[in-house]
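Data block for run_19.txt (compact mmCIF, C-alpha atoms):
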# COMPACT_ATOMS: atom_id res chain seq x y z
CA TRP A 8 84.74 32.77 177.61
CA LEU A 9 87.47 30.75 175.88
CA CYS A 10 90.25 33.00 177.25
CA GLN A 11 88.98 32.59 180.79
CA PHE A 12 87.98 28.92 180.59
CA VAL A 13 91.00 27.44 178.85
CA ASN A 14 93.51 29.14 181.13
CA PRO A 15 92.09 30.77 184.28
CA GLY A 16 94.41 33.57 185.39
CA LEU A 17 96.01 33.81 181.93
CA CYS A 18 99.78 33.48 182.27
CA ALA A 19 101.98 35.88 180.31
CA ALA A 20 102.76 33.35 177.57
CA SER A 21 99.06 32.61 177.02
CA CYS A 22 98.30 36.33 176.91
CA CYS A 23 100.92 36.83 174.21
CA LEU A 24 99.38 34.02 172.16
CA PHE A 25 95.91 35.52 172.54
CA SER A 26 97.11 39.01 171.59
CA PHE A 27 99.08 37.81 168.55
CA ALA A 28 96.05 35.79 167.44
CA GLY A 29 93.99 38.98 167.34
CA ALA A 30 91.88 38.17 170.40
CA VAL A 31 92.17 41.58 172.05
CA PRO A 32 90.14 43.55 169.46
CA LEU A 33 87.47 40.86 169.69
CA LEU A 34 87.38 41.22 173.47
CA VAL A 35 86.95 44.96 173.03
CA LEU A 36 83.98 44.26 170.76
CA CYS A 37 82.56 42.00 173.47
CA VAL A 38 82.79 44.86 175.97
CA GLN A 39 80.50 46.86 173.67
CA GLU A 40 77.84 44.15 173.50
CA PRO A 41 74.60 44.67 175.48
CA GLU A 42 74.81 41.26 177.22
CA LEU A 43 75.97 41.97 180.78
CA SER A 44 77.67 38.63 181.41
CA LEU A 45 79.66 39.01 178.17
CA LYS A 46 80.83 42.47 179.23
CA ARG A 47 82.00 41.05 182.58
CA VAL A 48 84.00 38.20 181.09
CA ALA A 49 85.55 40.41 178.40
CA ALA A 50 86.61 43.05 180.93
CA SER A 51 88.06 40.35 183.17
CA ALA A 52 90.04 38.85 180.26
CA LEU A 53 91.40 42.29 179.29
CA SER A 54 92.46 42.82 182.89
CA ASP A 55 94.29 39.48 182.94
CA ILE A 56 96.06 40.30 179.69
CA ALA A 57 97.09 43.83 180.66
CA LYS A 58 98.49 42.95 184.06
CA HIS A 59 101.61 41.11 182.93
CA THR A 60 103.80 43.52 180.98
CA PRO A 61 103.73 47.07 179.61
CA GLU A 62 103.76 45.63 176.10
CA LEU A 63 100.60 43.60 176.68
CA ALA A 64 98.94 46.57 178.36
CA GLN A 65 99.83 48.65 175.29
CA VAL A 66 98.18 46.04 173.06
CA VAL A 67 94.99 46.45 175.10
CA VAL A 68 95.23 50.24 174.83
CA ASP A 69 95.92 50.16 171.09
CA ALA A 70 92.75 48.12 170.62
CA GLY A 71 90.78 51.01 172.09
CA ALA A 72 89.77 49.19 175.26
CA VAL A 73 90.15 52.14 177.63
CA SER A 74 87.62 54.34 175.85
CA TYR A 75 85.01 51.57 176.18
CA LEU A 76 85.90 50.45 179.70
CA ALA A 77 85.94 53.89 181.34
CA PRO A 78 82.23 54.71 180.75
CA LEU A 79 81.32 51.42 182.43
CA LEU A 80 82.53 52.79 185.77
CA VAL A 81 79.05 54.23 186.26
CA ASN A 82 77.31 50.93 185.47
CA GLN A 83 75.40 49.71 188.51
CA ASP A 84 76.31 46.04 188.16
CA ALA A 85 78.77 45.22 190.92
CA LYS A 86 80.57 42.39 189.12
CA LEU A 87 81.11 44.51 186.02
CA LYS A 88 82.34 47.49 188.06
CA ARG A 89 84.89 45.22 189.76
CA GLN A 90 86.32 44.01 186.48
CA VAL A 91 86.37 47.47 184.90
CA CYS A 92 88.22 49.00 187.85
CA SER A 93 90.63 46.09 187.84
CA ALA A 94 91.31 46.34 184.10
CA LEU A 95 91.95 50.09 184.22
CA GLY A 96 94.25 49.66 187.21
CA GLN A 97 96.21 46.88 185.50
CA ILE A 98 96.76 49.16 182.50
CA ALA A 99 97.71 52.23 184.54
CA LYS A 100 100.23 50.50 186.78
CA HIS A 101 102.94 49.94 184.19
CA SER A 102 104.05 53.43 183.14
CA VAL A 103 103.31 57.14 183.16
CA ASP A 104 102.14 57.04 179.54
CA LEU A 105 99.66 54.25 180.17
CA ALA A 106 98.41 55.94 183.34
CA GLU A 107 97.83 59.13 181.36
CA VAL A 108 95.79 57.20 178.78
CA VAL A 109 93.55 55.98 181.60
CA VAL A 110 93.25 59.46 183.10
CA GLU A 111 92.44 61.02 179.72
CA ALA A 112 89.44 58.69 179.53
CA GLU A 113 87.95 60.76 182.35
CA VAL A 114 88.02 58.07 185.03
CA PHE A 115 88.13 60.80 187.68
CA PRO A 116 86.03 61.54 189.59
CA LYS A 117 83.90 58.58 188.45
CA SER A 118 86.30 56.04 189.94
CA LEU A 119 86.25 57.89 193.27
CA THR A 120 82.50 57.38 193.58
CA CYS A 121 83.18 53.64 193.36
CA LEU A 122 84.92 53.93 196.74
CA LYS A 123 81.45 54.44 198.24
CA TYR A 124 79.74 51.71 196.26
CA PRO A 125 78.11 49.07 198.54
CA ASP A 126 80.37 46.24 197.44
CA GLU A 127 83.72 45.73 199.14
CA PHE A 128 85.41 44.30 196.06
CA VAL A 129 84.33 47.26 193.92
CA GLN A 130 85.72 49.58 196.60
CA LYS A 131 89.03 47.73 196.80
CA HIS A 132 89.55 47.62 193.02
CA ALA A 133 88.67 51.32 192.79
CA ALA A 134 91.22 52.15 195.51
CA THR A 135 93.78 50.06 193.65
CA LEU A 136 93.08 52.00 190.45
CA VAL A 137 93.66 55.29 192.28
CA ARG A 138 96.90 53.94 193.76
CA GLU A 139 98.20 52.81 190.36
CA VAL A 140 97.61 56.30 188.94
CA VAL A 141 98.96 58.49 191.74
CA LYS A 142 102.22 56.60 192.18
CA HIS A 143 103.72 57.81 188.90
CA THR A 144 104.10 61.61 188.92
CA PRO A 145 103.25 64.68 191.03
CA GLU A 146 100.96 65.88 188.25
CA LEU A 147 98.85 62.73 188.32
CA ALA A 148 98.74 62.84 192.11
CA GLN A 149 97.68 66.49 192.00
CA LEU A 150 94.92 65.67 189.52
CA VAL A 151 93.49 63.07 191.90
CA VAL A 152 93.76 65.49 194.83
CA ALA A 153 91.98 68.20 192.83
CA ASN A 154 89.10 65.81 192.21
CA GLY A 155 88.66 65.13 195.92
CA GLY A 156 90.68 61.94 195.88
CA VAL A 157 92.34 62.34 199.27
CA GLY A 158 89.06 62.78 201.11
CA ALA A 159 87.57 59.76 199.32
CA LEU A 160 90.60 57.62 200.12
CA VAL A 161 90.57 58.68 203.78
CA GLU A 162 86.88 57.87 204.13
CA TYR A 163 87.40 54.47 202.54
CA ALA A 164 90.45 53.74 204.71
CA ASN A 165 88.46 54.65 207.82
CA ASN A 166 85.65 52.29 206.88
CA SER A 167 87.73 49.30 205.81
CA THR A 168 90.13 46.90 207.49
CA GLY A 169 92.86 44.44 206.65
CA ASN A 170 93.91 43.92 203.05
CA ASN A 171 90.96 45.93 201.80
CA ARG A 172 92.49 49.02 203.40
CA LEU A 173 95.96 48.45 201.91
CA PRO A 174 95.57 50.17 198.49
CA ALA A 175 94.15 53.33 200.10
CA VAL A 176 96.92 53.38 202.70
CA MET A 177 99.58 53.13 200.01
CA ALA A 178 97.85 55.66 197.76
CA LEU A 179 97.96 58.23 200.56
CA GLY A 180 101.67 57.52 200.97
CA TYR A 181 102.38 57.91 197.26
CA ILE A 182 100.50 61.22 197.17
CA ALA A 183 102.27 62.58 200.25
CA ALA A 184 105.71 61.55 198.99
CA PHE A 185 105.82 63.99 196.07
CA SER A 186 105.76 67.38 197.80
CA GLU A 187 105.10 69.34 200.97
CA THR A 188 101.84 70.64 199.52
CA LEU A 189 100.49 67.21 198.69
CA ALA A 190 101.53 65.93 202.11
CA LEU A 191 99.64 68.83 203.68
CA ALA A 192 96.59 67.82 201.67
CA VAL A 193 96.74 64.40 203.32
CA ILE A 194 97.07 66.02 206.74
CA ALA A 195 94.25 68.50 206.08
CA GLU A 196 91.88 65.70 205.05
CA LYS A 197 92.63 63.87 208.33
CA GLY A 198 94.55 61.16 206.54
CA LEU A 199 96.86 60.47 209.46
CA ALA A 200 94.14 58.88 211.60
CA PRO A 201 93.49 55.81 209.41
CA LEU A 202 97.23 55.38 208.82
CA CYS A 203 97.91 55.30 212.54
CA ALA A 204 94.90 53.05 213.06
CA ALA A 205 96.37 50.60 210.56
CA VAL A 206 99.68 50.58 212.40
CA ALA A 207 98.01 50.11 215.78
CA GLU A 208 95.19 47.73 214.89
CA ASP A 209 96.14 45.54 211.92
CA THR A 210 97.62 42.18 212.81
CA GLU A 211 99.42 41.55 209.52
CA ASP A 212 102.98 42.87 209.44
CA HIS A 213 102.88 43.88 205.78
CA LEU A 214 99.81 46.08 206.42
CA ARG A 215 101.43 47.77 209.41
CA ALA A 216 104.65 48.30 207.44
CA ALA A 217 102.75 49.91 204.56
CA ALA A 218 100.95 52.27 206.94
CA ALA A 219 104.22 53.13 208.68
CA TRP A 220 105.83 53.84 205.31
CA SER A 221 102.96 56.15 204.36
CA LEU A 222 103.27 58.02 207.65
CA GLY A 223 106.96 58.44 206.89
CA GLN A 224 106.15 59.97 203.50
CA VAL A 225 103.91 62.53 205.20
CA GLY A 226 106.37 63.40 207.93
CA ARG A 227 109.62 63.51 206.00
CA HIS A 228 109.20 66.92 204.37
CA THR A 229 109.50 69.45 207.21
CA PRO A 230 109.45 69.56 211.02
CA ASP A 231 105.84 70.79 210.83
CA HIS A 232 104.84 67.72 208.86
CA ALA A 233 106.66 65.50 211.34
CA LYS A 234 104.94 67.21 214.25
CA ALA A 235 101.56 66.54 212.68
CA VAL A 236 102.46 62.85 212.60
CA ALA A 237 103.76 62.96 216.16
CA ASP A 238 100.62 64.70 217.38
CA THR A 239 98.55 61.68 216.43
CA GLY A 240 100.01 60.05 219.53
CA LYS A 241 100.79 56.84 217.72
CA HIS A 242 104.38 57.18 216.58
CA GLN A 243 105.46 54.92 219.44
CA ARG A 244 103.47 52.16 217.76
CA CYS A 245 105.22 52.98 214.48
CA GLN A 246 108.55 52.46 216.22
CA SER A 247 107.39 48.96 217.06
CA ALA A 248 106.58 48.34 213.41
CA LYS A 249 109.99 49.63 212.38
CA TRP A 250 111.65 47.29 214.86
CA GLN A 251 109.84 44.32 213.36
CA CYS A 252 110.91 45.43 209.89
CA SER A 253 114.51 45.52 211.01
CA LEU A 254 114.15 41.88 212.01
CA GLY A 255 113.07 41.04 208.47
CA ASN A 256 109.50 40.16 209.37
CA CYS A 257 107.69 42.91 207.45
CA TYR A 258 106.63 43.08 203.86
CA THR A 259 108.25 46.07 202.19
CA PRO A 260 105.40 48.51 201.44
CA SER A 261 106.23 48.78 197.77
CA LEU A 262 104.91 47.67 194.42
CA GLU A 263 107.63 48.95 192.12
CA GLY A 264 110.86 50.44 193.35
CA LEU A 265 110.14 51.50 196.94
CA GLN A 266 112.67 49.11 198.45
CA GLN A 267 113.23 50.60 201.89
CA SER A 268 112.31 47.78 204.22
CA GLY A 269 114.93 48.64 206.81
CA GLY A 270 113.76 52.22 207.26
CA VAL A 271 110.13 52.76 206.50
CA LEU A 272 110.05 55.59 208.99
CA SER A 273 113.49 57.10 208.45
CA GLY A 274 112.10 60.44 207.29
CA VAL A 275 109.57 60.89 210.03
CA HIS A 276 111.98 59.82 212.76
CA THR A 277 114.61 62.32 211.57
CA HIS A 278 112.14 65.20 211.76
CA LEU A 279 110.70 63.98 215.03
CA LEU A 280 114.16 64.16 216.53
CA GLN A 281 114.66 67.65 215.09
CA SER A 282 111.29 69.16 215.86
CA THR A 283 109.58 67.38 218.71
CA CYS A 284 112.40 66.23 220.95
CA LYS A 285 114.07 69.51 221.81
CA LEU A 286 114.28 69.08 225.54
CA PRO A 287 115.97 71.54 227.94
CA CYS A 288 119.48 70.66 228.95
CA PHE A 289 120.38 70.55 232.64
CA THR A 290 123.99 70.85 233.74
Would you put the structure from the file into structure tokens?
Amino acid sequence: WLCQFVNPGLCAASCCLFSFAGAVPLLVLCVQEPELSLKRVAASALSDIAKHTPELAQVVVDAGAVSYLAPLLVNQDAKLKRQVCSALGQIAKHSVDLAEVVVEAEVFPKSLTCLKYPDEFVQKHAATLVREVVKHTPELAQLVVANGGVGALVEYANNSTGNNRLPAVMALGYIAAFSETLALAVIAEKGLAPLCAAVAEDTEDHLRAAAAWSLGQVGRHTPDHAKAVADTGKHQRCQSAKWQCSLGNCYTPSLEGLQQSGGVLSGVHTHLLQSTCKLPCFT
């Protein structure tokens, strides 16, 4: 309670002080206590500590937090599930090694079932956890796909709107970006429909840009991939989103390193020109 009460949000400097003072192992002990409210606050504090830097996330991992947080994914308390998903996502986001620690704790497919839990914040944090894992390597993305992750993400994206849909939209893009096979998995699970719906229906520019970027990751591999995107009948709407991005109005659909705001659909447009615009020439 002290970590949360003294400094809500826990800035990086405060987190360093808490970690050097030996607070993290004590928080891990609190996670193991039977009192539900204590578990919630401890998981929330661990999430706030881990989110700032890879070094602080490593402190949380070294204290053994992941092995005690992961089993709590199946707990039926909504507030606890939110904080557990958030903490695991904050750890996984920093590096491949930290993401692998989270995965080795067998968070899949347990975290995917949270996408169907009847609490929108649990669903969003679970989608964010999936996104933070799949963005790192093709192997991690393939692991999520093998556990039915694409279908779960597509179902969640279809049933959510606005900012709640954003982590699933980006996760689909990260998965599709790695290879033709993974992009085909997104297509086969009907992942294009919610992406196009986000481009066409969302009013926030950063949401539309993220969906357009994800469509570009699906379509950039081959002409067949691009045709699948074109066949959704919504690429005209994507062109509108790209135009707004070129004016500097769109949020770049990136968390770390995907700085392509001027061409979120460069890949898909190239293949669309090659594969779907071959018109007869009249002389």
Point-to-point distance from CA of Ala94 (chain A) to CA of Ala77 (chain A), Å rounded to tenths: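 Distance reported for this atom pair: 9.7 Å.
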Might you pull out every residue within 6 Å of region 32-47 of chain A, with only C-alpha atoms counted and same-chain residues fewer than 2 positions away left off, and present them as a ChimeraX atom specification? /A:30,49-50,70,72,87
How far is it from CA of Ala64 (chain A) to CA of Ile98 (chain A), in Å with one decimal? 5.3 Å
Write out as lines of an AutoDock Vina configuration file an axis-aligned box for region 82-93 of chain A: all of its atoms listed in the file, 4 Å added on each side, centre and edge lengths in Å with one decimal.
center_x = 83.0
center_y = 46.7
center_z = 187.9
size_x = 23.2
size_y = 16.5
size_z = 14.0
Find the nearest atom pair between each residue of region 33-135 of chain A and region 170-187 of chain A for residues within 12 Å, count all atoms listed in the file, give distances in Å to one decimal, sort rows by chain and ascending number, and present the table as a tab-separated table.
residue	atom	partner	partner_atom	distance
A:Gly96	CA	A:Pro174	CA	11.4
A:Leu119	CA	A:Ala175	CA	11.4
A:Leu122	CA	A:Ala175	CA	9.8
A:Asp126	CA	A:Asn171	CA	11.5
A:Glu127	CA	A:Asn171	CA	7.7
A:Phe128	CA	A:Asn171	CA	8.1
A:Val129	CA	A:Asn171	CA	10.4
A:Gln130	CA	A:Asn171	CA	8.2
A:Lys131	CA	A:Asn171	CA	5.7
A:His132	CA	A:Pro174	CA	8.5
A:Ala133	CA	A:Pro174	CA	9.0
A:Ala134	CA	A:Ala175	CA	5.6
A:Thr135	CA	A:Pro174	CA	5.2
Please list as a ChimeraX atom specification every residue within 7 Å of region 148-157 of chain A, counting all atoms listed in the file and excluding residues in the same chain fewer than 4 positions away. /A:115-116,119,141,144,161,182,193,196
Let me make sure I understand: among A:Glu146, A:Glu62, A:Glu211, A:Asp55, which one has the smallest atom-to-atom distance to Glu107 (chain A) if we use only C-alpha atoms?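 For Glu107 (chain A), the nearest of the candidates is A:Glu146.
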As a check of understanding: the span from CA of Leu160 (chain A) to CA of Pro125 (chain A) is 15.2 Å
Write out as a PDB file with C-alpha atoms, keeping the file's coordinate frame the residues lying within 9 Å of Val110 (chain A), counting only C-alpha atoms and excluding same-chain residues fewer than 6 positions away.
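And here's result_13.pdb as it stands now:
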ATOM      1  CA  ALA A  99      97.710  52.230 184.540  1.00  0.00           C
ATOM      2  CA  VAL A 140      97.610  56.300 188.940  1.00  0.00           C
ATOM      3  CA  LEU A 147      98.850  62.730 188.320  1.00  0.00           C
TER       4      LEU A 147
END
Which is closer to Asp212 (chain A) than all the others in A:Ser118, A:Gly169, A:Leu105, A:Gln224, using all atoms listed in the file?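 Looking only at the distances to Asp212 (chain A), the closest residue turns out to be A:Gly169.
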Using only C-alpha atoms for the distances, tell me which of A:Gln65, A:His143, A:Thr188, A:Tyr124 is nearest to Thr229 (chain A).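 Using only C-alpha atoms, Thr229 (chain A) sits closest to A:Thr188.
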Could you give me, as a list of chain:residue names, the residues within 10 Å of Glu208 (chain A), counting all atoms listed in the file and dropping anything in the same chain fewer than 6 positions from it?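 Counting only the stated atoms, we get A:Thr168, A:Gly169, A:Pro201, A:Leu202, A:Leu214, A:Arg215, A:Arg244.
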With C-alpha atoms retained, could you export that selection as a JSON list (two decimals), in the frame of the given file?
[["chain", "number", "residue", "atom", "x", "y", "z"],
["A", 168, "THR", "CA", 90.13, 46.90, 207.49],
["A", 169, "GLY", "CA", 92.86, 44.44, 206.65],
["A", 201, "PRO", "CA", 93.49, 55.81, 209.41],
["A", 202, "LEU", "CA", 97.23, 55.38, 208.82],
["A", 214, "LEU", "CA", 99.81, 46.08, 206.42],
["A", 215, "ARG", "CA", 101.43, 47.77, 209.41],
["A", 244, "ARG", "CA", 103.47, 52.16, 217.76]]
Identify, on the basis of all atoms listed in the file, every residue whose closest approach to Pro61 (chain A) does not exceed 12 Å; exclude the query and any residue fewer than 3 positions from it along the same chain; express the result as an MDAnalysis selection string. chainID A and resid 19 23 56:58 64:69 97:106
